[in-house]
Amino acid sequence: MENQTNTEMHQRKGRRLVLFPFPFQGHINPMLQLANILHSQGFSITIIHTNFNSPNPSNYPHFAFHFIPENLSESEASTTDLAVLVQLLNTKCVEPFHDCLTKLLSDVEEEPVACLISDAIFSFTKAVAENLKLPMMVLRTGGASSFVVFTAFPFLRERGYLPIQDSILEEPVVELPPLKVKDLPTINSRSPETIYELINGMVDGARASSGVIWNTFQDLEQSALANLGQQFSVPMFPIGPFHKCFPASSSSLLTQDQSCISWLEKQSPKSVIYVSFGSLAAIKENEFLEIAWGLANSKQPFLWVVRPGLTNGLEWLEPLPSGFLEMIDGRGHIVKWAPQQEVLAHPAVGAFWTHNGWNSTLESICEGVPMICMPCFTDQSVNARYVSDVWKVGLQLENGLDREKIERTIRRLMVDKEGEEIRGRILCLKEKANICLRQGGSSSESMDSLVSHILSIET
Ligand code: UDP
């Protein structure tokens with residue numbers, strides 16, 4: 001902000017940006033953080049959102065919200081087949097999105113729209129923007145390293161790495177070190193072809209956009225960003241980590257249980273393992289029980305987010321013996337949803353057992369909290385491999401879950417010498433994340449370029 005001239009600020013104030021988040025928690029958070037960042041740069045902000053999974057607009061009185069009907073039936077909206085749900089949203093939103101954007105563009109009372117910023121997963125938006133002659137940029141809410149893998153999908157299929165075969169799970173993907181075959185992004189779906197279509201759509205959409213915005217930073221993903229810079233002719237703007245500029249709590253779809261913080265207040269520094277698998281991942285009942293007993297036997301205090309629906313077929317905590325927490329002397333606290341950013345920033349937290357969604361991974365890095373990685377699907381397995389083998393800031397829990405392995409892994413990370421070294425490395429990364437946002441830092445400079453770029457692509 002400091003090096004902007006008054007003329008530029010004046011010019012910016014007269015411009016509106018339309019942002020279109022994909023309606024999943026891990027996508028809504030970074031898009032609304034980006035909206036806040038761009039608003040602080042002088043742009044007016046309009047959010048187009050589906051009625052499905054909509055955040056609370058009253059937390060954003062400085063934005064204009066427009067809701068579109070995506071017309072999902074009850075069974076479609078509650079399907080556990082994520083690939084099918086993503087495809088349905090990409091089909092059913094076309095018309096209402098087109099209509100909404102057309103109306104916005106013809107509203108003479110409003111500032112002119114400089115550009116549309118769409119989630120990369122909403123790949124249909126490129127055609128709509130073209131049709132309305134509006135420049136479009138995309139926000140990719142995942143990491144750049146996993147995106148490199150997505151761009152390699154046609155090649156990975158050609159070389160027989162995909163679809164993944166159980167007989168070669170442990171083999172290296174020699175062209176994408178240090179990934180193993182089992183790390184390639186997958187998702188269970190009754191329609192595997194749908195997954196390839198969605199990924200191609202996302203990559204092609206980004207390639208054909210006016211630029212890609214990343215919630216990452218140079219020092220973390222330099223080589224992936226350089227790789228993408230060579231593959232794509234459009235500019236890349238790594239301006240993250242977003243949540244260090246604006247927190248995610250205001251876009252939470254579930255109520256964050258603040259009892260976490262008062263419970264953490266009573267724990268010793270760096271003693272607590274925080275456990276959460278994000279907003280979508282699901283586990284089996286036997287895994288749920290192994291996790292519970294692994295945590296109990298570890299003797300470390302734990303804060304565990306058990307989202308309703310986390311365990312297939314269960315409402316919440318049914319299989320736990322009654323009085324489970326008392327049996328272990330109150331060493332655990334279980335909630336349905338946590339104020340995760342605040343939890344990770346709390347001095348009592350010493351480790352994060354995570355599914356390695358990109359937001360959780362970044363949030364952990366930014367607070368210097370080492371990780372235990374248990375990826376479930378899509379890009380999470382790539383993120384986890386980077387955490388354990390590239391940045392070396394966490395340990396993987398792989399090849400099945402059992403209570404002894406859990407207990408051992410927690411000890412390795414929280415008690416043993418190995419854990420100390422890991423902690424040292426993640427504190428260095430935390431420092432780099434802080435530096436990149438300061439004036440002259442890579443994300444701050446990239447932000448300045450993004451603002452100039454947006455002003456230059458106007459039609
Ligand atoms: N989150 C939260 N409370 C929780 C668990 C998660 O606020 O109890 C937030 C977390 O801070 C992150 C987002 O939900 O910003 C989850 O995004 P991520 O990419 O990690 O995973 P996803 O939910 O998309 O699988």
# chains A, B, ... in the order shown; residues from 1 in each chain; ligands from 1
>>> select_by_dssp(residues="stretch 269-367 of chain A", states="strand (DSSP E)", output="list in words")
Val272, Ile273, Tyr274, Val275, Ser276, Phe302, Leu303, Trp304, Val305, Gly332, His333, Ile334, Val335, Val349, Gly350, Ala351, Phe352, Trp353 and Thr354 of chain A
>>> write_last_selection(atoms="N, CA and C atoms", output="mmCIF file, in the first residue's frame")
data_model
loop_
_atom_site.group_PDB
_atom_site.id
_atom_site.type_symbol
_atom_site.label_atom_id
_atom_site.label_comp_id
_atom_site.auth_asym_id
_atom_site.auth_seq_id
_atom_site.Cartn_x
_atom_site.Cartn_y
_atom_site.Cartn_z
ATOM 1 N N VAL A 272 -0.239 -30.279 23.447
ATOM 2 C CA VAL A 272 -1.505 -30.791 22.895
ATOM 3 C C VAL A 272 -1.354 -31.204 21.429
ATOM 4 N N ILE A 273 -1.941 -32.367 21.101
ATOM 5 C CA ILE A 273 -2.065 -32.708 19.686
ATOM 6 C C ILE A 273 -3.482 -32.333 19.235
ATOM 7 N N TYR A 274 -3.528 -31.481 18.214
ATOM 8 C CA TYR A 274 -4.811 -31.054 17.650
ATOM 9 C C TYR A 274 -5.115 -31.976 16.473
ATOM 10 N N VAL A 275 -6.330 -32.519 16.450
ATOM 11 C CA VAL A 275 -6.690 -33.499 15.414
ATOM 12 C C VAL A 275 -7.908 -33.003 14.646
ATOM 13 N N SER A 276 -7.752 -32.816 13.350
ATOM 14 C CA SER A 276 -8.919 -32.452 12.534
ATOM 15 C C SER A 276 -8.690 -32.869 11.092
ATOM 16 N N PHE A 302 -5.170 -34.167 24.010
ATOM 17 C CA PHE A 302 -5.582 -33.986 22.611
ATOM 18 C C PHE A 302 -6.869 -33.185 22.497
ATOM 19 N N LEU A 303 -6.947 -32.401 21.426
ATOM 20 C CA LEU A 303 -8.163 -31.670 21.063
ATOM 21 C C LEU A 303 -8.595 -32.234 19.722
ATOM 22 N N TRP A 304 -9.756 -32.891 19.700
ATOM 23 C CA TRP A 304 -10.159 -33.663 18.516
ATOM 24 C C TRP A 304 -11.454 -33.093 17.929
ATOM 25 N N VAL A 305 -11.403 -32.695 16.662
ATOM 26 C CA VAL A 305 -12.610 -32.240 15.975
ATOM 27 C C VAL A 305 -13.270 -33.452 15.319
ATOM 28 N N GLY A 332 -8.515 -35.372 27.153
ATOM 29 C CA GLY A 332 -8.950 -35.037 25.791
ATOM 30 C C GLY A 332 -10.138 -34.091 25.810
ATOM 31 N N HIS A 333 -10.304 -33.369 24.706
ATOM 32 C CA HIS A 333 -11.472 -32.508 24.537
ATOM 33 C C HIS A 333 -11.960 -32.747 23.112
ATOM 34 N N ILE A 334 -13.257 -33.061 22.965
ATOM 35 C CA ILE A 334 -13.799 -33.367 21.626
ATOM 36 C C ILE A 334 -14.854 -32.321 21.277
ATOM 37 N N VAL A 335 -14.734 -31.751 20.074
ATOM 38 C CA VAL A 335 -15.725 -30.751 19.636
ATOM 39 C C VAL A 335 -16.179 -31.094 18.213
ATOM 40 N N VAL A 349 -0.526 -25.827 21.746
ATOM 41 C CA VAL A 349 -0.588 -26.828 20.664
ATOM 42 C C VAL A 349 0.815 -27.167 20.175
ATOM 43 N N GLY A 350 1.131 -28.480 20.187
ATOM 44 C CA GLY A 350 2.470 -28.923 19.804
ATOM 45 C C GLY A 350 2.507 -29.712 18.511
ATOM 46 N N ALA A 351 1.346 -30.177 18.024
ATOM 47 C CA ALA A 351 1.327 -30.943 16.776
ATOM 48 C C ALA A 351 -0.087 -30.924 16.200
ATOM 49 N N PHE A 352 -0.182 -31.126 14.907
ATOM 50 C CA PHE A 352 -1.475 -31.133 14.204
ATOM 51 C C PHE A 352 -1.563 -32.420 13.401
ATOM 52 N N TRP A 353 -2.520 -33.251 13.794
ATOM 53 C CA TRP A 353 -2.803 -34.472 13.012
ATOM 54 C C TRP A 353 -3.867 -34.077 11.987
ATOM 55 N N THR A 354 -3.473 -34.022 10.725
ATOM 56 C CA THR A 354 -4.322 -33.406 9.706
ATOM 57 C C THR A 354 -4.507 -34.295 8.481
#
>>> residues_near_ligand(ligand="ligand 1", cutoff="7 Å", atoms="only C-alpha atoms and all ligand atoms", output="VMD selection string")
chain A and resid 24 to 27 29 248 to 249 252 256 276 to 281 305 336 to 341 356 to 361 363
>>> select_by_dssp(residues="stretch 134-372 of chain A", states="helix (DSSP H, G or I)", output="number ranges by chain")
A: 144-151, 153-158, 166-168, 181-183, 192-207, 218-231, 242-244, 249-251, 259-265, 285-298, 324-327, 340-345, 358-366
>>> closest_residue(among="A:Ala64, A:Ala208, A:Ile365, A:Met327", to="A:Asn297", atoms="only C-alpha atoms")
A:Met327
>>> residues_around(residues="stretch 393-397 of chain A", least_positions_apart="2", cutoff="7 Å", atoms="only C-alpha atoms", output="list in words")
Pro370, Met371, Ile372, Cys373, Met374, Val387, Ser388, Trp391, Ile422, Arg423, Arg425 and Ile426 of chain A
>>> closest_residue(among="A:His62, A:Val369, A:Arg15, A:Val174", to="A:Leu413", atoms="only C-alpha atoms")
A:Val369
>>> closest_residue(among="A:Val415, A:Val203, A:Ala152, A:Ala144", to="A:Gln218", atoms="only C-alpha atoms")
A:Ala144
>>> closest_residue(among="A:Ser223, A:Gln300, A:Ser233, A:Thr216", to="A:Ala433", atoms="only C-alpha atoms")
A:Thr216
>>> residues_around(residues="A:Glu76", least_positions_apart="3", cutoff="12 Å", atoms="only C-alpha atoms", output="VMD selection string")
chain A and resid 52 70 to 73 79 to 89 92
>>> closest_residue(among="A:Val148, A:Ile435, A:Cys245, A:Leu310", to="A:Leu228", atoms="only C-alpha atoms")
A:Val148
>>> residues_around(residues="stretch 440-443 of chain A", least_positions_apart="4", cutoff="7 Å", atoms="only C-alpha atoms", output="PyMOL selection string")
chain A and resi 217-218+238-240+435-436+447
>>> write_last_selection(atoms="C-alpha atoms", output="mmCIF file, in the first residue's frame")
data_model
loop_
_atom_site.group_PDB
_atom_site.id
_atom_site.type_symbol
_atom_site.label_atom_id
_atom_site.label_comp_id
_atom_site.auth_asym_id
_atom_site.auth_seq_id
_atom_site.Cartn_x
_atom_site.Cartn_y
_atom_site.Cartn_z
ATOM 1 C CA PHE A 217 4.322 -18.182 -1.376
ATOM 2 C CA GLN A 218 7.525 -18.381 -3.390
ATOM 3 C CA PRO A 238 1.450 -16.251 -5.534
ATOM 4 C CA ILE A 239 0.190 -13.792 -2.918
ATOM 5 C CA GLY A 240 -0.419 -16.087 0.062
ATOM 6 C CA ILE A 435 8.736 -12.350 5.584
ATOM 7 C CA CYS A 436 7.017 -12.857 2.217
ATOM 8 C CA MET A 447 0.213 -8.384 -4.841
#
>>> atom_distance(atom1="atom CA of A:Leu139", atom2="atom CA of A:Ala120")
5.7 Å
>>> closest_residue(among="A:Phe377, A:Glu431, A:Ile117, A:Phe63", to="A:Ser40", atoms="only C-alpha atoms")
A:Phe63
>>> atom_distance(atom1="atom CA of A:Pro321", atom2="atom CA of A:His355")
25.2 Å
